[in-house]
Amino acid sequence: MLRTMRENSGSWIIKFLLGLIVIAFVGIGVGSYGSKNRRTVATIGDKDVTIQEYQDSYKRVVNQLRARFGDSINEETLKMFNVEQQALDQIIENHLVSLEADKHEFIVSDEEIQSQLMEIDAFKENGKFNIERYQRMLALQRTNSEIFEAQIRAELRNQKVRNLVLDAVSVSDMEAKEWYINKNTRVTLDFLKFDPRELKDIEPTEEQIQAFYDEKKEDYKTEPKRVASFLRYSPGAFKGKVTIDKEGVEIYYAENQDEFKEPEKIEARHILFKIPDDADEAAVEEIRKKAMEIYEKAKLGENFAELAKNHSEGPSAASGGYLGPFARGAMVKPFEEAAFAMQPGDISEPVQTRFGWHIIKVDQRFEATVTSMEDAYKTIETKLVDIEAKDMAYNAAGQAFDHVIEGDDLEQVALLTQQTVNHTEPFSATGFELKEQDKSQFAREAFDLSLDTISDIKTIGDTYYLIKVTQVIEPKIQPLDQVRDKIVSDLTAKLQEEKAKTTAESILKEIKETGALKTVAQNHTLEVETTRPFVNSGPVGEIGASPDLLDAAFKLGDKAVHDEVIQSSAGFFVIALNEKLLPEEEKITQGLSQTRDEILMAKQNQVYRTWLDNLKAKSDIEVNPDFFN
């Protein structure tokens with residue numbers, strides 16, 4: 001029965017996970033069907049992975065995704081991140097690491113657990129661990145200290161294994177220095193640009209148009225279309241049936257404290273004096289002196305907003321340098337540190353960031369606050385109503401789908417569930433003709449269906465659907481007169497591109513023969529342009545993003561011309577090295593520590609991943625096909 005349901009319904013697991021984080025697999029509970037095969041997700045050596053373990057792991061992965069993407073995750077997101085596999089992998093890897101901890105006889109002392117608990121913010125009051133809050137929070141989570149601390153102990157044991165594996169991983173000063181230099185070396189290019197779109201004199205002949213159509217007519221077919229019928233289950237239709245009690249609000253408030261914290265904020269203005277990318281130390285100092293002159297005027301009482309309007313080079317100049325309120329982490333570090341060290345009315349001396357020199361004035365400070373449960377009650381209640389309504393909508397869709405599994409058609413399902421069957425007009429794969437909230441996703445789901453097949457439950461926006469394609473309209477070749485404008489446009493672009501490329505190749509050949517880019521350019525009345533300096537992460541100066549140009553630029557020798565014409569979305573390019581600027585030794589030294597940390601983290605992740613993969617390859621792991629097929 002389970003196999004039949006899964007073959008017809010797609011991801012049965014997702015059906016019971018998507019609305020709320022509460023996981024309750026209907027029909028797959030422990031003990032169902034009286035068979036171990038139905039109760040075991042996988043085996044790792046002599047250990048069985050139970051459905052309950054898998055559900056818990058799945059819940060953790062979904063929670064992690066919710067933390068990253070909020071409530072926007074849907075079935076498509078879960079598929080994209082392969083959540084089913086992630087959940088199983090986490091169980092397998094944790095068990096294998098635990099076995100390694102056993103081999104090394106790693107133990108975790110009570111003191112280590114206590115130290116870990118002291119660091120968990122959820123258990124703190126006024127910045128300190130509070131035993132009553134700890135017990136209260138665990139009670140709200142339907143657990144106790146014995147279970148929770150056992151989990152902490154297991155995690156710390158596994159961390160000791162990770163530390164052992166990574167103990168030998170290191171980064172030398174030479175390695176960090178080479179990486180920093182490679183990352184921060186800047187290149188400037190001279191280039192000739194051949195833009196096909198500037199070749200306005202190209203007009204295809206009738207013979208060329210006909211030949212292009214004959215060759216490409218398959219590309220100019222009408223779009224395939226579908227006609228569909230569907231049942232819609234919107235959470236909004238169920239909100240009137242939801243009742244939320246006070247306990248539910250209290251649990252949500254306790255479990256989501258960060259939602260109700262308003263961090264300390266500063267309301268400030270600034271006057272920015274930009275520093276060009278290629279500025280040397282003398283130029284930077286000159287700009288600082290200019291900033292100091294304005295700072296002195298501000299300190300003497302001149303209107304700060306007017307000074308900002310007249311002198312600031314930042315986007316906020318027009319509004320008197322006003323930045324609005326901001327919390328820590330919103331601004332670059334030097335700016336933040338200066339601003340949060342000031343009091344209302346204070347004006348800073350020029351502060352340097354990567355954007356330039358800033359004069360900062362603090363208008364107001366706002367202390368950190370926590371919204372009380374009483375004040376947050378209505379907001380939480382509304383949110384819980386939304387969650388419960390979404391769950392009810394899904395359950396209703398699930399009941400309807402149960403009828404589909406039993407063989408009922410969409411019209412019969414509608415009668416049995418007191419719903420109305422909706423019908424579309426013909427629509428293309430983009431779905432722009434549709435009236436649904438998320439047209440493109442509805443169209444994608446419909447185009448994945450075979451004719452007269454009813455879908456499993458589809459999550460589109462915040463609504464659930466059962467969709468049936470009732471008509472498939474195949475594409476057909478259109479006569480030339482119906483697609484003539486498109487043919488002419490595409491052919492013209494093709495001819496422009498061919499001519500631009502041919503011209504660029506001819507110019508490059510001449511440059512190679514003479515070795516004089518600027519002379520050849522002058523002879524052909526072409527302008528040699530120069531990019532601003534750029535690093536190997538791009539973009540390529542004013543040209544923009546182009547992996548091919550970027551790769552070629554950092555392979556060029558001293559003053560060399562690249563030996564091929566390079567195409568990008570902006571056109572065709574002949575390039576030559578103008579200058580390669582290595583970072584200054586002082587900056588290399590300053591950036592070495594952070595660079596070493598970045599490389600070390602990347603190497604550790606790679607080493608640990610390789611170690612885990614090897615451990616899994618050597619282990620006896622069997623996955624139950626009846627559960628996942």
# chains A, B, ... in the order shown; residues from 1 in each chain; ligands from 1
>>> select_by_dssp(residues="segment 335-500 of chain A", states="helix (DSSP H, G or I)", output="ChimeraX atom specification")
/A:335-340,373-405,410-416,439-447,480-500
>>> write_last_selection(atoms="C-alpha atoms", output="compact mmCIF listing (two decimals), in the first residue's frame")
# COMPACT_ATOMS: atom_id res chain seq x y z
CA PHE A 335 32.45 53.17 10.71
CA GLU A 336 30.44 51.06 13.16
CA GLU A 337 33.10 51.15 15.88
CA ALA A 338 33.39 54.92 15.65
CA ALA A 339 29.63 55.55 15.57
CA PHE A 340 28.75 53.27 18.49
CA MET A 373 4.76 38.68 25.38
CA GLU A 374 1.75 40.85 26.16
CA ASP A 375 2.74 43.37 23.50
CA ALA A 376 3.63 40.64 21.02
CA TYR A 377 0.53 38.54 21.73
CA LYS A 378 -1.59 39.68 18.78
CA THR A 379 1.32 39.40 16.34
CA ILE A 380 2.12 35.87 17.50
CA GLU A 381 -1.54 34.89 17.45
CA THR A 382 -1.88 36.11 13.86
CA LYS A 383 1.24 34.20 12.83
CA LEU A 384 0.04 31.00 14.49
CA VAL A 385 -3.35 31.37 12.82
CA ASP A 386 -1.54 31.62 9.49
CA ILE A 387 0.51 28.51 10.25
CA GLU A 388 -2.50 26.51 11.43
CA ALA A 389 -4.61 27.63 8.46
CA LYS A 390 -1.82 26.54 6.14
CA ASP A 391 -1.76 23.15 7.85
CA MET A 392 -5.54 22.82 7.58
CA ALA A 393 -5.40 23.73 3.91
CA TYR A 394 -2.79 21.05 3.36
CA ASN A 395 -4.76 18.47 5.29
CA ALA A 396 -7.81 19.27 3.16
CA ALA A 397 -5.71 18.86 0.03
CA GLY A 398 -4.39 15.61 1.48
CA GLN A 399 -7.91 14.28 2.03
CA ALA A 400 -8.76 15.18 -1.54
CA PHE A 401 -5.66 13.42 -2.78
CA ASP A 402 -6.64 10.31 -0.83
CA HIS A 403 -9.72 10.17 -3.07
CA VAL A 404 -7.46 10.51 -6.12
CA ILE A 405 -5.43 7.53 -4.90
CA LEU A 410 -11.14 15.50 -10.25
CA GLU A 411 -14.85 16.23 -10.63
CA GLN A 412 -15.74 13.40 -8.23
CA VAL A 413 -13.12 14.61 -5.73
CA ALA A 414 -14.62 18.11 -5.90
CA LEU A 415 -18.08 16.74 -5.09
CA LEU A 416 -16.78 14.60 -2.21
CA LYS A 439 1.70 31.88 -12.80
CA SER A 440 5.13 30.57 -13.73
CA GLN A 441 5.23 27.83 -11.09
CA PHE A 442 1.69 26.69 -11.89
CA ALA A 443 2.71 26.43 -15.55
CA ARG A 444 5.88 24.48 -14.70
CA GLU A 445 3.93 22.00 -12.61
CA ALA A 446 1.31 21.55 -15.33
CA PHE A 447 3.89 21.07 -18.08
CA LEU A 480 7.54 33.08 -42.84
CA ASP A 481 5.12 36.01 -43.04
CA GLN A 482 4.03 35.41 -39.41
CA VAL A 483 7.57 35.38 -38.01
CA ARG A 484 9.26 37.72 -40.50
CA ASP A 485 10.02 40.50 -37.97
CA LYS A 486 11.64 38.06 -35.57
CA ILE A 487 13.60 36.40 -38.40
CA VAL A 488 14.92 39.75 -39.66
CA SER A 489 15.90 40.83 -36.13
CA ASP A 490 17.73 37.59 -35.35
CA LEU A 491 19.45 37.44 -38.74
CA THR A 492 20.58 41.06 -38.47
CA ALA A 493 22.09 40.37 -35.04
CA LYS A 494 23.87 37.31 -36.46
CA LEU A 495 25.33 39.27 -39.38
CA GLN A 496 26.38 42.11 -37.07
CA GLU A 497 28.14 39.65 -34.79
CA GLU A 498 29.95 37.98 -37.69
CA LYS A 499 31.18 41.33 -39.05
CA ALA A 500 32.30 42.58 -35.62
>>> residues_around(residues="Val165 of chain A", least_positions_apart="6", cutoff="9 Å", atoms="only C-alpha atoms", output="short mmCIF file (atom, residue, chain, number, x, y, z; two decimals) with C-alpha atoms, in the first residue's frame")
data_model
loop_
_atom_site.label_atom_id
_atom_site.label_comp_id
_atom_site.auth_asym_id
_atom_site.auth_seq_id
_atom_site.Cartn_x
_atom_site.Cartn_y
_atom_site.Cartn_z
CA GLN A 604 39.48 21.86 7.36
CA VAL A 607 39.73 17.39 4.90
CA TYR A 608 36.82 16.52 7.18
CA TRP A 611 37.57 11.77 5.86
#
>>> select_by_dssp(residues="segment 378-539 of chain A", states="strand (DSSP E or B)", output="number ranges by chain")
A: 422-423, 427, 454, 458-460, 463-473, 477, 529-530, 534
>>> write_last_selection(atoms="C-alpha atoms", output="PDB file, in the first residue's frame")
ATOM      1  CA  ASN A 422     -11.440  25.526 -11.813  1.00  0.00           C
ATOM      2  CA  HIS A 423     -10.529  25.563 -15.516  1.00  0.00           C
ATOM      3  CA  PHE A 427      -1.409  28.716 -21.461  1.00  0.00           C
ATOM      4  CA  ILE A 454      -3.852  14.274 -11.707  1.00  0.00           C
ATOM      5  CA  LYS A 458       1.581  21.010  -5.445  1.00  0.00           C
ATOM      6  CA  THR A 459       2.637  23.942  -3.271  1.00  0.00           C
ATOM      7  CA  ILE A 460       2.393  27.113  -5.348  1.00  0.00           C
ATOM      8  CA  THR A 463      -1.630  27.633  -1.754  1.00  0.00           C
ATOM      9  CA  TYR A 464      -1.990  23.899  -2.424  1.00  0.00           C
ATOM     10  CA  TYR A 465      -3.260  22.491  -5.710  1.00  0.00           C
ATOM     11  CA  LEU A 466      -4.347  19.290  -7.390  1.00  0.00           C
ATOM     12  CA  ILE A 467      -3.852  19.818 -11.136  1.00  0.00           C
ATOM     13  CA  LYS A 468      -5.064  17.821 -14.124  1.00  0.00           C
ATOM     14  CA  VAL A 469      -3.956  18.582 -17.697  1.00  0.00           C
ATOM     15  CA  THR A 470      -7.004  18.160 -19.938  1.00  0.00           C
ATOM     16  CA  GLN A 471      -5.491  19.214 -23.278  1.00  0.00           C
ATOM     17  CA  VAL A 472      -2.001  19.273 -24.795  1.00  0.00           C
ATOM     18  CA  ILE A 473      -1.506  21.725 -27.675  1.00  0.00           C
ATOM     19  CA  ILE A 477       5.924  25.607 -37.624  1.00  0.00           C
ATOM     20  CA  GLU A 529      40.247  52.378 -23.826  1.00  0.00           C
ATOM     21  CA  THR A 530      41.709  51.537 -20.423  1.00  0.00           C
ATOM     22  CA  PHE A 534      40.287  45.059 -11.030  1.00  0.00           C
TER      23      PHE A 534
END
>>> residues_around(residues="Ile360 of chain A", least_positions_apart="4", cutoff="9 Å", atoms="only C-alpha atoms", output="list in words")
Ala268, Arg269, His270, Ile271, Leu272, Phe335, Ala338, Ala339, Asp346, Ile347, Ser348, Glu349, Pro350 and Val351 of chain A
>>> residues_around(residues="segment 591-597 of chain A", least_positions_apart="2", cutoff="12 Å", atoms="only C-alpha atoms", output="list in words")
Val169, Ser170, Val171, Ser172, Asp173, Met174, Glu175, Ala176, Lys177, Glu178, Trp179, Tyr180, Ile181, Asn182, Lys183, Asn184, Pro583, Glu584, Glu585, Glu586, Lys587, Ile588, Thr589, Ile599, Leu600, Met601, Ala602, Lys603 and Gln604 of chain A
>>> closest_residue(among="A:Phe573, A:Phe432, A:Tyr322, A:Phe304", to="Val561 of chain A", atoms="only C-alpha atoms")
A:Phe573
>>> atom_distance(atom1="atom CA of Phe572 of chain A", atom2="atom CA of Phe212 of chain A")
23.5 Å
>>> residues_around(residues="Ala552 of chain A", least_positions_apart="4", cutoff="10 Å", atoms="only C-alpha atoms", output="list of chain:residue names")
A:Pro547, A:Asp548, A:Leu556, A:His562, A:Asp563, A:Glu564, A:Ile566, A:Ile575, A:Ala576, A:Leu577
>>> residues_around(residues="Ile294 of chain A", least_positions_apart="4", cutoff="9 Å", atoms="only C-alpha atoms", output="list in words")
Ile271, Lys289, Lys290, Ala298, Lys299, Leu307, His311 and Ile359 of chain A
>>> closest_residue(among="A:Met331, A:Lys241, A:Arg153, A:Pro479", to="Lys216 of chain A", atoms="only C-alpha atoms")
A:Pro479
>>> closest_residue(among="A:Leu140, A:Arg232, A:Asp48, A:Asp195", to="Thr417 of chain A", atoms="only C-alpha atoms")
A:Arg232
>>> residues_around(residues="segment 539-545 of chain A", least_positions_apart="5", cutoff="12 Å", atoms="only C-alpha atoms", output="mmCIF file with C-alpha atoms, in the first residue's frame")
data_model
loop_
_atom_site.group_PDB
_atom_site.id
_atom_site.type_symbol
_atom_site.label_atom_id
_atom_site.label_comp_id
_atom_site.auth_asym_id
_atom_site.auth_seq_id
_atom_site.Cartn_x
_atom_site.Cartn_y
_atom_site.Cartn_z
ATOM 1 C CA ARG A 186 44.985 44.277 -9.538
ATOM 2 C CA VAL A 187 45.213 44.416 -13.313
ATOM 3 C CA THR A 188 44.564 47.286 -15.721
ATOM 4 C CA LEU A 189 43.847 46.502 -19.390
ATOM 5 C CA ASP A 190 44.069 48.468 -22.611
ATOM 6 C CA PHE A 191 41.369 47.272 -24.974
ATOM 7 C CA LEU A 192 39.634 47.741 -28.293
ATOM 8 C CA LYS A 193 35.925 47.035 -28.259
ATOM 9 C CA ASP A 195 30.254 46.150 -30.486
ATOM 10 C CA ASP A 277 40.923 52.716 -6.050
ATOM 11 C CA GLU A 529 40.247 52.378 -23.826
ATOM 12 C CA THR A 530 41.709 51.537 -20.423
ATOM 13 C CA THR A 531 39.888 49.734 -17.637
ATOM 14 C CA ARG A 532 40.052 50.791 -14.041
ATOM 15 C CA PRO A 533 42.071 48.325 -11.893
ATOM 16 C CA PHE A 534 40.287 45.059 -11.030
ATOM 17 C CA LEU A 550 39.020 37.813 -16.530
ATOM 18 C CA ASP A 551 40.905 34.582 -17.124
ATOM 19 C CA ALA A 552 42.829 36.043 -20.072
ATOM 20 C CA ALA A 553 43.703 39.259 -18.220
ATOM 21 C CA PHE A 554 45.506 37.478 -15.393
ATOM 22 C CA GLN A 567 33.778 37.583 -26.869
ATOM 23 C CA SER A 568 31.596 38.766 -24.012
ATOM 24 C CA SER A 569 28.001 39.932 -23.744
ATOM 25 C CA ALA A 570 29.263 43.466 -24.487
ATOM 26 C CA GLY A 571 30.937 42.550 -27.779
ATOM 27 C CA PHE A 572 34.343 41.413 -29.043
ATOM 28 C CA PHE A 573 37.589 42.557 -27.428
ATOM 29 C CA ILE A 575 43.116 43.250 -24.979
#
>>> atom_distance(atom1="atom CA of Phe194 of chain A", atom2="atom CA of Asn536 of chain A")
23.4 Å
